Structures are given as C-alpha cells and as structure tokens.
Amino acid sequence: MKPLWGIVFYDVHSLVNEKVRIFDTTLRDGEQTPGVSLTTDEKIQIARQLDKLGVNVIEAGFPVSSKGEFDSVRQIARSGLQAQVCGLSRIVKKDAQACLDADVDLVHVFSPTSDIQIAHTIKMSHDEIVEGAMRTVELVKDNGRTCLFSAMDATRTSPEFLHRIFKAVEEVHCDIINIPDTVGVAVPSSFYRLVKDICDDVHMVVDVHCHNDFGLAVANSLAAVEAGAREVQVCVNGLGERAGNANLAEVVMGLHSIYNAKTSIKTEYLVETARMVERLTKVKIPITAPIVGENAFSHESGIHSHGIIENSKTFEPGIMTPEMVGHK
C-alpha cells in the first residue's frame with residue numbers, strides 16, 4: 001500500500017477502493033442507551049440527518065414491540081429516504097410480519113445462538129432455532145424484502161453451531177449475515193480470525209455489530225473489515241446498551257483515512273450529525289472524543305503548537321483534517 005503522507009507507520013491489509021456499507025442503528029440500539037427516549041418526530045429528524053450523511057441502512061426500530069414503535073418505524077419507512085430502512089425481528093412470524101406491515105426495505109432477523117443465551121432467554125434446541133431462523137428468513141424473502149440474519153452473542157457461540165446456522169439461512173437466500181460481539185468480549189486478533197473463517201465459508205455479505213464494553217468496538221469493527229466483512233453496524237456518538245456500540249464517525253474515518261477504503265458517507269456532515277444527536281438524546285459528546293469532539297484538533301503543548309504552526313502534519317494525522325469532518 002502506498003503511504004498516504006510519506007511515512008509508513010502502519011501495516012494493514014490493502015483496502016484501497018474497497019466499498020464498505022454503513023448500517024446505522026442509532027434509532028434502535030442507540031435508543032437503548034440508559035436515559036435516552038426519543039419521540040417519533042425526533043426519530044424522523046435523526047433519520048433524515050442520517051440519510052443526508054449517506055448511511056446505507058437506517059435501523060428504525062423493533063416494530064412489534066409497541067404501537068408507538070410500529071408507527072414511528074412506518075413513518076420513517078415512508079419518508080422517501082435514499083437509505084434502506086430496517087426493522088428488527090425475532091425468529092417469530094408476528095415479528096417479521098410487523099416489519100413487513102411497517103413497509104421496511106430490510107428485515108433484521110435475530111436469534112440468540114450461544115449456549116448461555118439459549119438457556120436463559122429462548123430455551124429452544126439448536127434444531128428449533130435453525131428451523132425458526134429459516135422459516136422467518138423465508139417469510140421475509142417471499143415478500144420481496146432484503147433479509148439480514150444475526151447470530152446474537154456470536155463471539156460466545158460454538159463455531160460448529162455458528163457455521164451451521166449461517167449455512168442454513170444461506171440455503172433460503174438470506175442476503176446478509178451479522179456477526180455480533182454482543183457483550184463486547186472480542187479482541188481484534190481473534191475477531192479477525194472468526195470473521196475471516198465465516199467469510200471463507202459463505203457467499204453472503206458479512207456484517208458486524210460490536211459493543212464497546214472494553215473500548216474495542218471500533219478496533220474490532222476495523223479488524224472485521226480487514227477479514228472480509230463489507231458492512232459495519234454503528235451508532236452516532238457510540239450510543240447503545242451499556243458502554244455503547246462502535247462509533248460511526250470513528251469507524252468511517254478509520255476506513256477512509258487509514259485504510260483508504262470507500263463508504264457512501266459524506267464526511268463533512270459528521271460533526272453536524274453528532275451534535276444533532278447530542279442535542280436530541282441529551283447525551284453529551286466528551287470534548288476529547290475522536291473526530292467530532294471539541295478538542296479533537298486542538299493543541300495545548302508548546303512543542304505540539306509550534307509543530308502545528310510550522311506544518312500541520314507534525315501532530316495531526318495529515319490524512320484527516322478538521323474540514324473533512326465538518327468542524328468550522
């Protein structure tokens with residue numbers, strides 16, 4: 001890979017011009033942030049901003065969970081957005097039907113697959129889970145929608161069962177499979193191996209969903225792309241359950257500026273989007289937040305400041321500028 005600004009300091013798999021899809025789940029997993037509750041109007045505002053930003057998929061919610069949720073998902077789906085609008089479904093017919101009735105473009109079907117999740121949540125056999133997943137995917141595909149299947153808690157699932165269920169949904173023409181690090185226990189090296197193993201075994205788009213319990217969500221997401229994943233699930237400002245999800249701005253700029261990969265994101269709207277979500281969710285952006293934080297491109301040290309005055313590349317990445325991400 002040709003160095004982007006004259007110095008080779010990283011050793012990455014070449015992703016030059018590789019296209020990576022961005023799946024935003026701010027309105028679904030992001031709204032599960034403790035203390036966050038959005039009105040339908042606020043969700044529509046965020047959906048329109050995400051569409052302006054250029055995300056490929058907007059996960060609008062879980063339609064079967066309540067009438068209010070169903071109505072907000074349907075309103076977003078009918079808003080004329082360029083992005084695919086997605087609804088969440090368990091391996092239950094009524095869930096998938098609610099997504100279809102809400103007019104979403106893409107149905108995100110999921111089931112727990114790790115032994116601990118199966119034992120304490122759905123209490124089904126492996127055979128029953130596989131059969132339920134296949135039936136639900138078939139229903140979605142029979143209705144002409146795109147289908148994504150997630151193996152919840154994939155990083156704590158036996159490799160044999162993970163391969164089995166992914167091959168099963170591939171048989172019924174699932175479009176995308178998701179490998180979630182549901183409780184944030186993966187590290188980049190092992191997650192790379194897991195994702196590569198799956199990518200080598202299936203012929204579907206591979207997507208990942210990484211939680212940030214140990215601060216590794218972005219690193220794991222980028223490792224997954226190195227391994228062959230071509231869709232990444234993210235949240236604006238890293239919102240989400242517990243410690244949150246992979247941060248949209250950090251994943252996107254990592255892909256663009258370090259890996260030289262391509263996404264559909266208009267990066268000049270990253271700060272604008274982050275601040276809108278901050279205002280509507282009332283979850284503050286730390287001033288030290290990468291990319292969108294107030295201090296992301298600020299310098300205090302005399303040595304740093306002198307270097308920046310002489311040449312901005314001395315203490316700024318050089319492959320990412322404030323203007324690229326929308327700082328005024």
# chains A, B, ... in the order shown; residues from 1 in each chain; ligands from 1
$ residues_around --residues "His108 of chain A" --least-positions-apart "6" --cutoff "8 Å" --atoms "only C-alpha atoms" --output "JSON list (two decimals) with N, CA and C atoms, in the first residue's frame"
[["chain", "number", "residue", "atom", "x", "y", "z"],
["A", 86, "CYS", "N", -34.74, -0.27, 8.01],
["A", 86, "CYS", "CA", -34.69, -1.62, 8.55],
["A", 86, "CYS", "C", -35.53, -1.73, 9.82],
["A", 87, "GLY", "N", -36.18, -2.88, 9.99],
["A", 87, "GLY", "CA", -36.88, -3.20, 11.23],
["A", 87, "GLY", "C", -36.33, -4.49, 11.82],
["A", 88, "LEU", "N", -36.40, -4.61, 13.14],
["A", 88, "LEU", "CA", -35.85, -5.76, 13.86],
["A", 88, "LEU", "C", -36.93, -6.81, 14.10],
["A", 89, "SER", "N", -36.53, -8.09, 14.03],
["A", 89, "SER", "CA", -37.48, -9.19, 14.21],
["A", 89, "SER", "C", -36.79, -10.37, 14.89],
["A", 147, "CYS", "N", -33.07, -9.41, 3.53],
["A", 147, "CYS", "CA", -33.04, -10.01, 4.87],
["A", 147, "CYS", "C", -31.61, -10.11, 5.39],
["A", 148, "LEU", "N", -31.45, -9.72, 6.64],
["A", 148, "LEU", "CA", -30.19, -9.86, 7.38],
["A", 148, "LEU", "C", -30.46, -10.77, 8.57],
["A", 149, "PHE", "N", -29.59, -11.75, 8.77],
["A", 149, "PHE", "CA", -29.74, -12.62, 9.94],
["A", 149, "PHE", "C", -28.57, -12.43, 10.90],
["A", 150, "SER", "N", -28.89, -12.22, 12.18],
["A", 150, "SER", "CA", -27.87, -12.04, 13.23],
["A", 150, "SER", "C", -27.87, -13.23, 14.18]]
$ residues_around --residues "segment 281-294 of chain A" --least-positions-apart "4" --cutoff "8 Å" --atoms "only C-alpha atoms" --output "PDB file with N, CA and C atoms, in the first residue's frame"
ATOM      1  N   VAL A  36     -32.126   7.464  27.471  1.00  0.00           N
ATOM      2  CA  VAL A  36     -32.482   8.042  26.171  1.00  0.00           C
ATOM      3  C   VAL A  36     -33.863   7.562  25.749  1.00  0.00           C
ATOM      4  N   SER A  37     -34.730   8.505  25.405  1.00  0.00           N
ATOM      5  CA  SER A  37     -36.051   8.189  24.871  1.00  0.00           C
ATOM      6  C   SER A  37     -36.407   9.253  23.849  1.00  0.00           C
ATOM      7  N   LEU A  38     -36.607   8.837  22.615  1.00  0.00           N
ATOM      8  CA  LEU A  38     -36.863   9.775  21.527  1.00  0.00           C
ATOM      9  C   LEU A  38     -38.321   9.735  21.109  1.00  0.00           C
ATOM     10  N   ASN A 237     -22.156   8.814  17.838  1.00  0.00           N
ATOM     11  CA  ASN A 237     -21.587   9.103  19.168  1.00  0.00           C
ATOM     12  C   ASN A 237     -21.371   7.849  20.010  1.00  0.00           C
ATOM     13  N   ALA A 249     -18.545   7.869  13.455  1.00  0.00           N
ATOM     14  CA  ALA A 249     -17.501   8.749  12.920  1.00  0.00           C
ATOM     15  C   ALA A 249     -16.135   8.077  12.959  1.00  0.00           C
ATOM     16  N   GLU A 250     -15.850   7.358  14.036  1.00  0.00           N
ATOM     17  CA  GLU A 250     -14.536   6.732  14.180  1.00  0.00           C
ATOM     18  C   GLU A 250     -14.348   5.589  13.192  1.00  0.00           C
ATOM     19  N   MET A 253     -14.080   7.277   9.536  1.00  0.00           N
ATOM     20  CA  MET A 253     -12.816   7.960   9.261  1.00  0.00           C
ATOM     21  C   MET A 253     -11.630   7.001   9.329  1.00  0.00           C
ATOM     22  N   LEU A 270     -20.299  14.839   9.451  1.00  0.00           N
ATOM     23  CA  LEU A 270     -20.139  14.031  10.666  1.00  0.00           C
ATOM     24  C   LEU A 270     -20.339  14.847  11.936  1.00  0.00           C
ATOM     25  N   VAL A 271     -19.726  16.011  12.026  1.00  0.00           N
ATOM     26  CA  VAL A 271     -19.868  16.840  13.230  1.00  0.00           C
ATOM     27  C   VAL A 271     -21.308  17.317  13.372  1.00  0.00           C
ATOM     28  N   ALA A 274     -23.381  14.435  14.662  1.00  0.00           N
ATOM     29  CA  ALA A 274     -23.071  14.127  16.062  1.00  0.00           C
ATOM     30  C   ALA A 274     -23.723  15.134  17.000  1.00  0.00           C
ATOM     31  N   ARG A 275     -23.691  16.399  16.624  1.00  0.00           N
ATOM     32  CA  ARG A 275     -24.248  17.432  17.503  1.00  0.00           C
ATOM     33  C   ARG A 275     -25.771  17.417  17.511  1.00  0.00           C
ATOM     34  N   VAL A 277     -27.566  14.647  17.262  1.00  0.00           N
ATOM     35  CA  VAL A 277     -27.902  13.511  18.125  1.00  0.00           C
ATOM     36  C   VAL A 277     -27.601  13.844  19.583  1.00  0.00           C
ATOM     37  N   SER A 298      -7.396  20.254  18.627  1.00  0.00           N
ATOM     38  CA  SER A 298      -6.809  21.346  19.413  1.00  0.00           C
ATOM     39  C   SER A 298      -5.483  20.913  20.022  1.00  0.00           C
ATOM     40  N   VAL A 325     -14.286  16.627   8.293  1.00  0.00           N
ATOM     41  CA  VAL A 325     -15.343  16.048   9.128  1.00  0.00           C
ATOM     42  C   VAL A 325     -16.393  17.072   9.556  1.00  0.00           C
ATOM     43  N   HIS A 327     -15.795  20.328  11.045  1.00  0.00           N
ATOM     44  CA  HIS A 327     -15.504  21.350  12.054  1.00  0.00           C
ATOM     45  C   HIS A 327     -15.387  22.703  11.370  1.00  0.00           C
TER      46      HIS A 327
END
$ residues_around --residues "Val225 of chain A" --least-positions-apart "4" --cutoff "12 Å" --atoms "only C-alpha atoms" --output "PyMOL selection string"
chain A and resi 12-15+18-22+179+188+191-196+199+205-209+218-221+229-233+251-252+254-255+259+261-262
$ residues_around --residues "Gly184 of chain A" --least-positions-apart "5" --cutoff "10 Å" --atoms "only C-alpha atoms" --output "short mmCIF file (atom, residue, chain, number, x, y, z; two decimals) with N, CA and C atoms, in the first residue's frame"
data_model
loop_
_atom_site.label_atom_id
_atom_site.label_comp_id
_atom_site.auth_asym_id
_atom_site.auth_seq_id
_atom_site.Cartn_x
_atom_site.Cartn_y
_atom_site.Cartn_z
N ASP A 153 -24.81 -12.93 20.16
CA ASP A 153 -23.74 -13.45 21.02
C ASP A 153 -22.84 -14.41 20.26
N THR A 155 -19.81 -14.24 19.39
CA THR A 155 -18.44 -14.43 19.90
C THR A 155 -18.37 -15.40 21.08
N HIS A 209 -21.39 -6.26 14.29
CA HIS A 209 -22.03 -5.36 15.26
C HIS A 209 -21.24 -5.51 16.56
N CYS A 210 -20.43 -4.51 16.87
CA CYS A 210 -19.50 -4.63 18.01
C CYS A 210 -19.87 -3.70 19.15
N HIS A 211 -19.93 -4.27 20.35
CA HIS A 211 -20.16 -3.47 21.55
C HIS A 211 -18.83 -3.06 22.18
N ASN A 212 -18.89 -2.02 23.01
CA ASN A 212 -17.68 -1.31 23.43
C ASN A 212 -17.32 -1.52 24.90
N ASP A 213 -17.70 -2.66 25.47
CA ASP A 213 -17.50 -2.87 26.90
C ASP A 213 -16.04 -2.74 27.34
N PHE A 214 -15.11 -3.10 26.48
CA PHE A 214 -13.68 -2.96 26.79
C PHE A 214 -13.01 -1.92 25.90
N GLY A 215 -13.81 -1.06 25.29
CA GLY A 215 -13.25 0.01 24.46
C GLY A 215 -12.69 -0.46 23.13
N LEU A 216 -13.13 -1.63 22.65
CA LEU A 216 -12.55 -2.22 21.44
C LEU A 216 -13.52 -2.29 20.27
N ALA A 217 -14.68 -1.65 20.38
CA ALA A 217 -15.70 -1.80 19.34
C ALA A 217 -15.21 -1.32 17.98
N ASN A 220 -12.33 -3.65 16.74
CA ASN A 220 -12.87 -4.93 16.28
C ASN A 220 -13.59 -4.78 14.94
N ARG A 242 -25.26 -0.40 27.63
CA ARG A 242 -24.08 -0.43 28.50
C ARG A 242 -23.05 0.61 28.05
N ALA A 243 -21.89 0.15 27.55
CA ALA A 243 -20.82 1.07 27.12
C ALA A 243 -20.96 1.49 25.67
N GLY A 244 -22.05 1.09 25.03
CA GLY A 244 -22.33 1.56 23.68
C GLY A 244 -21.79 0.66 22.58
N ASN A 245 -21.94 1.17 21.36
CA ASN A 245 -21.58 0.45 20.14
C ASN A 245 -20.42 1.14 19.43
#
$ select_by_dssp --residues "segment 82-307 of chain A" --states "alpha helix (DSSP H)" --output "PyMOL selection string"
chain A and resi 93-101+115-117+126-142+159-171+188-201+217-227+248-253+270-281+302-307
$ closest_residue --among "A:Leu139, A:Ala83, A:Ile122, A:Ala154" --to "Ala96 of chain A" --atoms "only C-alpha atoms"
A:Leu139
$ residues_around --residues "Glu160 of chain A" --least-positions-apart "5" --cutoff "12 Å" --atoms "only C-alpha atoms" --output "list in words"
Thr113, Ser114, His126, Ala154, Ile165, Phe166, Lys167, Leu194, Asp197, Ile198 and Asp201 of chain A
$ closest_residue --among "A:Arg74, A:Glu59, A:Val234, A:Ala296" --to "Asn247 of chain A" --atoms "only C-alpha atoms"
A:Val234
$ residues_around --residues "Ala47 of chain A" --least-positions-apart "6" --cutoff "12 Å" --atoms "only C-alpha atoms" --output "ChimeraX atom specification"
/A:24-28,38,40-41,53-61,72-73,75-86,236,273,276-277
$ atom_distance --atom1 "atom CA of Ser111 of chain A" --atom2 "atom CA of Ser264 of chain A"
29.2 Å
$ closest_residue --among "A:Lys94, A:Val202, A:Asn143, A:Val183" --to "Val169 of chain A" --atoms "only C-alpha atoms"
A:Val202
$ select_by_dssp --residues "segment 9-44 of chain A" --states "strand (DSSP E)" --output "MDAnalysis selection string"
chainID A and resid 21:24
$ closest_residue --among "A:Ala102, A:Gly30, A:Met204, A:Val92" --to "Gly68 of chain A" --atoms "only C-alpha atoms"
A:Ala102
$ atom_distance --atom1 "atom CA of Ser189 of chain A" --atom2 "atom CA of His163 of chain A"
19.4 Å
$ closest_residue --among "A:Leu222, A:Met152, A:Ile176, A:Ile258" --to "Gln117 of chain A" --atoms "only C-alpha atoms"
A:Met152
$ closest_residue --among "A:Ala119, A:Arg156, A:Leu248, A:Phe62" --to "Val185 of chain A" --atoms "only C-alpha atoms"
A:Arg156
